[in-house]
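Undergrad: If it helps, the file is called run34.cif and holds mmCIF, N, CA and C atoms:
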```cif
data_structure
#
loop_
_atom_site.label_atom_id
_atom_site.label_comp_id
_atom_site.auth_asym_id
_atom_site.auth_seq_id
_atom_site.Cartn_x
_atom_site.Cartn_y
_atom_site.Cartn_z
N MET A 1 -7.54 -38.57 39.93
CA MET A 1 -7.21 -38.79 38.55
C MET A 1 -8.01 -37.86 37.64
N LEU A 2 -9.26 -37.59 38.02
CA LEU A 2 -10.11 -36.74 37.21
C LEU A 2 -9.57 -35.32 37.19
N SER A 3 -9.05 -34.84 38.30
CA SER A 3 -8.50 -33.50 38.38
C SER A 3 -7.25 -33.39 37.51
N SER A 4 -6.45 -34.41 37.47
CA SER A 4 -5.24 -34.42 36.66
C SER A 4 -5.58 -34.36 35.17
N ASP A 5 -6.63 -35.08 34.77
CA ASP A 5 -7.05 -35.06 33.36
C ASP A 5 -7.56 -33.67 32.97
N LYS A 6 -8.27 -33.01 33.89
CA LYS A 6 -8.75 -31.65 33.60
C LYS A 6 -7.59 -30.68 33.43
N ASN A 7 -6.58 -30.84 34.29
CA ASN A 7 -5.41 -29.97 34.19
C ASN A 7 -4.67 -30.19 32.87
N VAL A 8 -4.54 -31.42 32.47
CA VAL A 8 -3.86 -31.74 31.22
C VAL A 8 -4.67 -31.19 30.04
N ASP A 9 -6.00 -31.36 30.10
CA ASP A 9 -6.85 -30.82 29.03
C ASP A 9 -6.78 -29.29 28.98
N ALA A 10 -6.80 -28.66 30.16
CA ALA A 10 -6.72 -27.20 30.21
C ALA A 10 -5.37 -26.72 29.68
N LEU A 11 -4.31 -27.41 30.03
CA LEU A 11 -2.97 -27.05 29.57
C LEU A 11 -2.85 -27.26 28.06
N THR A 12 -3.42 -28.35 27.56
CA THR A 12 -3.40 -28.61 26.12
C THR A 12 -4.18 -27.54 25.37
N HIS A 13 -5.33 -27.19 25.91
CA HIS A 13 -6.14 -26.14 25.29
C HIS A 13 -5.40 -24.80 25.31
N LEU A 14 -4.76 -24.50 26.43
CA LEU A 14 -3.99 -23.26 26.55
C LEU A 14 -2.85 -23.23 25.54
N LEU A 15 -2.14 -24.32 25.37
CA LEU A 15 -1.06 -24.39 24.40
C LEU A 15 -1.59 -24.25 22.97
N ASP A 16 -2.75 -24.83 22.70
CA ASP A 16 -3.36 -24.68 21.38
C ASP A 16 -3.74 -23.22 21.11
N VAL A 17 -4.30 -22.56 22.11
CA VAL A 17 -4.68 -21.16 21.96
C VAL A 17 -3.44 -20.29 21.75
N ILE A 18 -2.38 -20.56 22.50
CA ILE A 18 -1.14 -19.79 22.35
C ILE A 18 -0.53 -20.02 20.97
N ALA A 19 -0.53 -21.25 20.50
CA ALA A 19 0.00 -21.55 19.16
C ALA A 19 -0.82 -20.84 18.09
N HIS A 20 -2.14 -20.83 18.25
CA HIS A 20 -3.01 -20.14 17.29
C HIS A 20 -2.75 -18.63 17.33
N TYR A 21 -2.58 -18.07 18.53
CA TYR A 21 -2.29 -16.64 18.67
C TYR A 21 -0.97 -16.29 18.00
N LEU A 22 0.05 -17.09 18.23
CA LEU A 22 1.35 -16.83 17.61
C LEU A 22 1.27 -16.94 16.09
N GLY A 23 0.49 -17.87 15.60
CA GLY A 23 0.29 -17.99 14.16
C GLY A 23 -0.39 -16.75 13.59
N LEU A 24 -1.38 -16.24 14.32
CA LEU A 24 -2.05 -15.01 13.89
C LEU A 24 -1.11 -13.81 13.92
N ARG A 25 -0.25 -13.74 14.93
CA ARG A 25 0.72 -12.63 15.01
C ARG A 25 1.70 -12.69 13.85
N VAL A 26 2.15 -13.88 13.49
CA VAL A 26 3.07 -14.04 12.36
C VAL A 26 2.37 -13.60 11.08
N GLU A 27 1.13 -14.01 10.90
CA GLU A 27 0.36 -13.63 9.71
C GLU A 27 0.15 -12.11 9.66
N TYR A 28 -0.17 -11.52 10.79
CA TYR A 28 -0.34 -10.06 10.87
C TYR A 28 0.96 -9.34 10.52
N THR A 29 2.08 -9.84 11.01
CA THR A 29 3.38 -9.24 10.72
C THR A 29 3.69 -9.33 9.24
N LYS A 30 3.40 -10.46 8.62
CA LYS A 30 3.62 -10.62 7.18
C LYS A 30 2.77 -9.62 6.40
N LEU A 31 1.51 -9.49 6.76
CA LEU A 31 0.62 -8.56 6.07
C LEU A 31 1.06 -7.11 6.26
N THR A 32 1.53 -6.77 7.45
CA THR A 32 2.02 -5.42 7.70
C THR A 32 3.25 -5.13 6.86
N ILE A 33 4.16 -6.08 6.76
CA ILE A 33 5.37 -5.91 5.94
C ILE A 33 4.99 -5.74 4.48
N ILE A 34 4.04 -6.53 4.02
CA ILE A 34 3.60 -6.42 2.62
C ILE A 34 2.97 -5.06 2.37
N ALA A 35 2.12 -4.60 3.27
CA ALA A 35 1.45 -3.30 3.09
C ALA A 35 2.47 -2.16 3.07
N LYS A 36 3.44 -2.20 3.96
CA LYS A 36 4.44 -1.14 4.00
C LYS A 36 5.37 -1.22 2.79
N SER A 37 5.66 -2.43 2.32
CA SER A 37 6.49 -2.58 1.12
C SER A 37 5.77 -2.02 -0.10
N VAL A 38 4.47 -2.27 -0.20
CA VAL A 38 3.70 -1.75 -1.32
C VAL A 38 3.70 -0.23 -1.29
N LYS A 39 3.52 0.38 -0.12
CA LYS A 39 3.55 1.84 -0.01
C LYS A 39 4.91 2.37 -0.43
N LEU A 40 5.97 1.72 0.01
CA LEU A 40 7.32 2.17 -0.31
C LEU A 40 7.61 2.03 -1.80
N ILE A 41 7.26 0.92 -2.39
CA ILE A 41 7.51 0.70 -3.81
C ILE A 41 6.67 1.66 -4.65
N SER A 42 5.41 1.86 -4.27
CA SER A 42 4.57 2.79 -5.05
C SER A 42 5.10 4.21 -4.95
N ALA A 43 5.62 4.60 -3.80
CA ALA A 43 6.21 5.94 -3.68
C ALA A 43 7.46 6.06 -4.54
N ALA A 44 8.27 5.00 -4.59
CA ALA A 44 9.47 5.02 -5.43
C ALA A 44 9.12 5.08 -6.91
N VAL A 45 8.12 4.33 -7.33
CA VAL A 45 7.69 4.35 -8.73
C VAL A 45 7.12 5.72 -9.09
N LEU A 46 6.32 6.29 -8.20
CA LEU A 46 5.77 7.62 -8.44
C LEU A 46 6.89 8.65 -8.57
N ALA A 47 7.89 8.57 -7.69
CA ALA A 47 9.01 9.50 -7.76
C ALA A 47 9.77 9.34 -9.08
N LEU A 48 9.96 8.11 -9.53
CA LEU A 48 10.66 7.86 -10.79
C LEU A 48 9.87 8.42 -11.97
N VAL A 49 8.58 8.19 -12.00
CA VAL A 49 7.74 8.72 -13.09
C VAL A 49 7.76 10.24 -13.09
N MET A 50 7.64 10.84 -11.91
CA MET A 50 7.68 12.30 -11.82
C MET A 50 9.03 12.83 -12.26
N LEU A 51 10.11 12.13 -11.92
CA LEU A 51 11.45 12.54 -12.34
C LEU A 51 11.59 12.50 -13.86
N LEU A 52 11.10 11.44 -14.48
CA LEU A 52 11.19 11.33 -15.94
C LEU A 52 10.33 12.39 -16.63
N LEU A 53 9.13 12.62 -16.13
CA LEU A 53 8.28 13.66 -16.72
C LEU A 53 8.90 15.05 -16.55
N THR A 54 9.46 15.31 -15.38
CA THR A 54 10.10 16.59 -15.14
C THR A 54 11.32 16.77 -16.05
N ALA A 55 12.08 15.71 -16.25
CA ALA A 55 13.24 15.79 -17.15
C ALA A 55 12.80 16.11 -18.57
N GLY A 56 11.73 15.50 -19.02
CA GLY A 56 11.21 15.81 -20.35
C GLY A 56 10.74 17.24 -20.48
N ILE A 57 10.06 17.73 -19.47
CA ILE A 57 9.58 19.12 -19.47
C ILE A 57 10.77 20.08 -19.48
N ILE A 58 11.76 19.80 -18.65
CA ILE A 58 12.95 20.67 -18.60
C ILE A 58 13.68 20.65 -19.94
N LEU A 59 13.76 19.49 -20.57
CA LEU A 59 14.41 19.41 -21.87
C LEU A 59 13.69 20.27 -22.90
N CYS A 60 12.38 20.16 -22.95
CA CYS A 60 11.60 20.96 -23.91
C CYS A 60 11.73 22.46 -23.61
N LEU A 61 11.65 22.82 -22.35
CA LEU A 61 11.80 24.23 -21.97
C LEU A 61 13.20 24.74 -22.29
N SER A 62 14.20 23.90 -22.12
CA SER A 62 15.58 24.29 -22.43
C SER A 62 15.77 24.57 -23.91
N VAL A 63 15.22 23.71 -24.74
CA VAL A 63 15.34 23.91 -26.18
C VAL A 63 14.62 25.20 -26.58
N GLY A 64 13.43 25.41 -26.04
CA GLY A 64 12.70 26.64 -26.33
C GLY A 64 13.43 27.87 -25.85
N ALA A 65 13.97 27.80 -24.64
CA ALA A 65 14.71 28.95 -24.10
C ALA A 65 15.97 29.20 -24.90
N ALA A 66 16.65 28.15 -25.34
CA ALA A 66 17.86 28.32 -26.14
C ALA A 66 17.53 29.00 -27.45
N TYR A 67 16.47 28.60 -28.12
CA TYR A 67 16.08 29.25 -29.36
C TYR A 67 15.69 30.71 -29.13
N TRP A 68 14.99 30.95 -28.03
CA TRP A 68 14.56 32.31 -27.72
C TRP A 68 15.76 33.21 -27.43
N ILE A 69 16.69 32.72 -26.60
CA ILE A 69 17.89 33.49 -26.27
C ILE A 69 18.77 33.64 -27.51
N ALA A 70 18.80 32.62 -28.37
CA ALA A 70 19.65 32.65 -29.56
C ALA A 70 19.23 33.76 -30.52
N THR A 71 17.98 34.17 -30.50
CA THR A 71 17.56 35.26 -31.39
C THR A 71 18.20 36.58 -31.00
N THR A 72 18.60 36.70 -29.73
CA THR A 72 19.22 37.94 -29.26
C THR A 72 20.74 37.84 -29.21
N PHE A 73 21.27 36.74 -28.67
CA PHE A 73 22.70 36.64 -28.40
C PHE A 73 23.44 35.69 -29.33
N GLY A 74 22.78 34.79 -29.97
CA GLY A 74 23.43 33.79 -30.79
C GLY A 74 23.34 32.42 -30.11
N VAL A 75 23.62 31.40 -30.89
CA VAL A 75 23.43 30.03 -30.41
C VAL A 75 24.42 29.67 -29.31
N ILE A 76 25.68 30.01 -29.49
CA ILE A 76 26.70 29.64 -28.50
C ILE A 76 26.44 30.34 -27.17
N GLN A 77 26.16 31.63 -27.20
CA GLN A 77 25.90 32.36 -25.96
C GLN A 77 24.61 31.85 -25.29
N ALA A 78 23.63 31.47 -26.07
CA ALA A 78 22.39 30.93 -25.49
C ALA A 78 22.68 29.61 -24.78
N SER A 79 23.48 28.77 -25.42
CA SER A 79 23.83 27.48 -24.80
C SER A 79 24.64 27.69 -23.53
N LEU A 80 25.59 28.60 -23.56
CA LEU A 80 26.39 28.88 -22.36
C LEU A 80 25.54 29.50 -21.25
N THR A 81 24.59 30.34 -21.61
CA THR A 81 23.70 30.93 -20.60
C THR A 81 22.87 29.84 -19.92
N LEU A 82 22.31 28.93 -20.69
CA LEU A 82 21.53 27.83 -20.09
C LEU A 82 22.41 26.92 -19.26
N ALA A 83 23.63 26.66 -19.72
CA ALA A 83 24.56 25.84 -18.94
C ALA A 83 24.87 26.52 -17.61
N GLY A 84 25.05 27.83 -17.62
CA GLY A 84 25.29 28.57 -16.38
C GLY A 84 24.10 28.51 -15.44
N ILE A 85 22.91 28.63 -16.01
CA ILE A 85 21.69 28.54 -15.18
C ILE A 85 21.60 27.15 -14.54
N TYR A 86 21.88 26.12 -15.32
CA TYR A 86 21.84 24.76 -14.77
C TYR A 86 22.93 24.52 -13.74
N LEU A 87 24.09 25.13 -13.94
CA LEU A 87 25.17 25.00 -12.96
C LEU A 87 24.76 25.64 -11.64
N ILE A 88 24.17 26.83 -11.71
CA ILE A 88 23.70 27.50 -10.49
C ILE A 88 22.61 26.67 -9.81
N ALA A 89 21.68 26.13 -10.59
CA ALA A 89 20.62 25.28 -10.02
C ALA A 89 21.22 24.03 -9.37
N MET A 90 22.23 23.46 -10.02
CA MET A 90 22.87 22.26 -9.47
C MET A 90 23.57 22.58 -8.15
N ILE A 91 24.23 23.72 -8.06
CA ILE A 91 24.90 24.11 -6.81
C ILE A 91 23.86 24.34 -5.70
N ILE A 92 22.75 24.99 -6.04
CA ILE A 92 21.69 25.23 -5.04
C ILE A 92 21.12 23.91 -4.54
N VAL A 93 20.87 22.98 -5.44
CA VAL A 93 20.33 21.67 -5.04
C VAL A 93 21.35 20.92 -4.20
N TYR A 94 22.63 20.99 -4.56
CA TYR A 94 23.66 20.29 -3.79
C TYR A 94 23.78 20.87 -2.39
N LEU A 95 23.77 22.17 -2.28
CA LEU A 95 23.89 22.80 -0.96
C LEU A 95 22.65 22.57 -0.09
N GLY A 96 21.49 22.44 -0.73
CA GLY A 96 20.27 22.21 0.03
C GLY A 96 19.80 20.78 0.02
N ARG A 97 20.72 19.84 -0.22
CA ARG A 97 20.32 18.43 -0.35
C ARG A 97 19.69 17.87 0.92
N LYS A 98 20.15 18.32 2.08
CA LYS A 98 19.55 17.82 3.31
C LYS A 98 18.10 18.29 3.43
N VAL A 99 17.86 19.54 3.11
CA VAL A 99 16.51 20.10 3.23
C VAL A 99 15.60 19.54 2.14
N PHE A 100 16.13 19.41 0.91
CA PHE A 100 15.30 19.00 -0.21
C PHE A 100 15.08 17.50 -0.29
N PHE A 101 16.07 16.70 0.11
CA PHE A 101 15.99 15.25 -0.11
C PHE A 101 16.09 14.42 1.16
N GLU A 102 17.16 14.61 1.93
CA GLU A 102 17.43 13.71 3.05
C GLU A 102 16.34 13.76 4.13
N ARG A 103 16.02 14.94 4.60
CA ARG A 103 15.04 15.06 5.68
C ARG A 103 13.65 14.58 5.26
N PRO A 104 13.14 14.97 4.08
CA PRO A 104 11.83 14.44 3.69
C PRO A 104 11.81 12.92 3.53
N ILE A 105 12.90 12.35 3.01
CA ILE A 105 12.94 10.90 2.85
C ILE A 105 12.99 10.22 4.21
N VAL A 106 13.78 10.76 5.13
CA VAL A 106 13.85 10.18 6.48
C VAL A 106 12.50 10.29 7.17
N ARG A 107 11.82 11.44 7.04
CA ARG A 107 10.49 11.60 7.64
C ARG A 107 9.50 10.61 7.05
N PHE A 108 9.52 10.46 5.73
CA PHE A 108 8.60 9.54 5.07
C PHE A 108 8.84 8.10 5.52
N LEU A 109 10.10 7.67 5.52
CA LEU A 109 10.40 6.29 5.91
C LEU A 109 10.12 6.06 7.39
N THR A 110 10.41 7.03 8.23
CA THR A 110 10.13 6.88 9.65
C THR A 110 8.63 6.76 9.89
N LYS A 111 7.85 7.62 9.22
CA LYS A 111 6.40 7.56 9.38
C LYS A 111 5.85 6.24 8.85
N LEU A 112 6.38 5.80 7.71
CA LEU A 112 5.89 4.57 7.11
C LEU A 112 6.25 3.35 7.94
N LEU A 113 7.47 3.25 8.37
CA LEU A 113 7.93 2.04 9.04
C LEU A 113 7.59 1.98 10.53
N LEU A 114 7.37 3.14 11.15
CA LEU A 114 7.10 3.13 12.59
C LEU A 114 5.65 3.42 12.95
N GLU A 115 4.79 3.61 11.94
CA GLU A 115 3.39 3.90 12.24
C GLU A 115 2.70 2.67 12.81
N LYS A 116 1.79 2.93 13.71
CA LYS A 116 0.98 1.86 14.30
C LYS A 116 -0.36 1.87 13.61
N ASN A 117 -0.84 0.69 13.26
CA ASN A 117 -2.15 0.61 12.57
C ASN A 117 -3.28 0.65 13.55
#
```
So, in terms of structure tokens, how does the structure I just supplied come out?
TA:
Amino acid sequence: MLSSDKNVDALTHLLDVIAHYLGLRVEYTKLTIIAKSVKLISAAVLALVMLLLTAGIILCLSVGAAYWIATTFGVIQASLTLAGIYLIAMIIVYLGRKVFFERPIVRFLTKLLLEKN
């Protein structure tokens, strides 16, 4: 009878240890998800802020360039010249979208989500 009680106690202790371990694994998984979510959200916010700042800079430079070109060619030709420059830039960005956007985003997300701590 004494041996049976020891086995039951050992089994109960083992089940308690396993339950505690699983609880710790769940907690670790939650913390890992939170940490990776924070990195992802902060990267998205940083990209948005940089995009807005860049748009403001481009707007100011465009107005300055339009005034500068307008002194030589006139206002309409200056506006058309800048529109042409932006069209060419848009075509270059569209053609290089995989190199400029898709691959870096895939690399970043793969590194972030698959990294081992």
Undergrad: Name the residues in contact with segment 42-47 of chain A at a cut-off of 12 Å, using only C-alpha atoms, excluding same-chain residues fewer than 6 positions from it; report them as a list of chain:residue names.
TA: A:Ala35, A:Lys36, A:Leu53, A:Thr54, A:Phe101, A:Ile105, A:Phe108, A:Leu109, A:Leu112
Undergrad: Taking 6 positions as the minimum chain separation for residues in the same chain, which residues sit within 8 Å of segment 58-62 of chain A when counting all atoms listed in the file? Answer as a ChimeraX atom specification.
TA: /A:52,68,82
Undergrad: Give the answer as one residue: which of A:Met90, A:Thr12, A:Ser3, A:Ala66 has the shortest atom-to-atom distance to Ala78 of chain A, using only N, CA and C atoms?
TA: A:Ala66
Undergrad: What gap, in Å, lies between atom N of Ala70 of chain A and atom C of Ala55 of chain A?
TA: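 A separation of 20.1 Å between them.
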Undergrad: Could you work out how far atom C of Ser79 of chain A lies from atom CA of Val93 of chain A, giving the answer in Å with one decimal?
TA: 19.9 Å
Undergrad: Just add N, CA, C and O atoms to segment 52-64 of chain A and send it as a tab-separated table (two decimals), in the coordinates of the input.
TA:
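Result written to part-v2.tsv:
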```
chain	number	residue	atom	x	y	z
A	52	LEU	N	11.10	11.44	-14.48
A	52	LEU	CA	11.19	11.33	-15.94
A	52	LEU	C	10.33	12.39	-16.63
A	52	LEU	O	10.77	13.00	-17.62
A	53	LEU	N	9.13	12.62	-16.13
A	53	LEU	CA	8.28	13.66	-16.72
A	53	LEU	C	8.90	15.05	-16.55
A	53	LEU	O	8.88	15.87	-17.48
A	54	THR	N	9.46	15.31	-15.38
A	54	THR	CA	10.10	16.59	-15.14
A	54	THR	C	11.32	16.77	-16.05
A	54	THR	O	11.54	17.87	-16.57
A	55	ALA	N	12.08	15.71	-16.25
A	55	ALA	CA	13.24	15.79	-17.15
A	55	ALA	C	12.80	16.11	-18.57
A	55	ALA	O	13.43	16.93	-19.26
A	56	GLY	N	11.73	15.50	-19.02
A	56	GLY	CA	11.21	15.81	-20.35
A	56	GLY	C	10.74	17.24	-20.48
A	56	GLY	O	11.00	17.91	-21.49
A	57	ILE	N	10.06	17.73	-19.47
A	57	ILE	CA	9.58	19.12	-19.47
A	57	ILE	C	10.77	20.08	-19.48
A	57	ILE	O	10.78	21.06	-20.24
A	58	ILE	N	11.76	19.80	-18.65
A	58	ILE	CA	12.95	20.67	-18.60
A	58	ILE	C	13.68	20.65	-19.94
A	58	ILE	O	14.16	21.69	-20.40
A	59	LEU	N	13.76	19.49	-20.57
A	59	LEU	CA	14.41	19.41	-21.87
A	59	LEU	C	13.69	20.27	-22.90
A	59	LEU	O	14.32	21.05	-23.63
A	60	CYS	N	12.38	20.16	-22.95
A	60	CYS	CA	11.60	20.96	-23.91
A	60	CYS	C	11.73	22.46	-23.61
A	60	CYS	O	11.91	23.27	-24.53
A	61	LEU	N	11.65	22.82	-22.35
A	61	LEU	CA	11.80	24.23	-21.97
A	61	LEU	C	13.20	24.74	-22.29
A	61	LEU	O	13.38	25.90	-22.70
A	62	SER	N	14.20	23.90	-22.12
A	62	SER	CA	15.58	24.29	-22.43
A	62	SER	C	15.77	24.57	-23.91
A	62	SER	O	16.41	25.55	-24.29
A	63	VAL	N	15.22	23.71	-24.74
A	63	VAL	CA	15.34	23.91	-26.18
A	63	VAL	C	14.62	25.20	-26.58
A	63	VAL	O	15.15	26.02	-27.34
A	64	GLY	N	13.43	25.41	-26.04
A	64	GLY	CA	12.70	26.64	-26.33
A	64	GLY	C	13.43	27.87	-25.85
A	64	GLY	O	13.51	28.88	-26.56
```
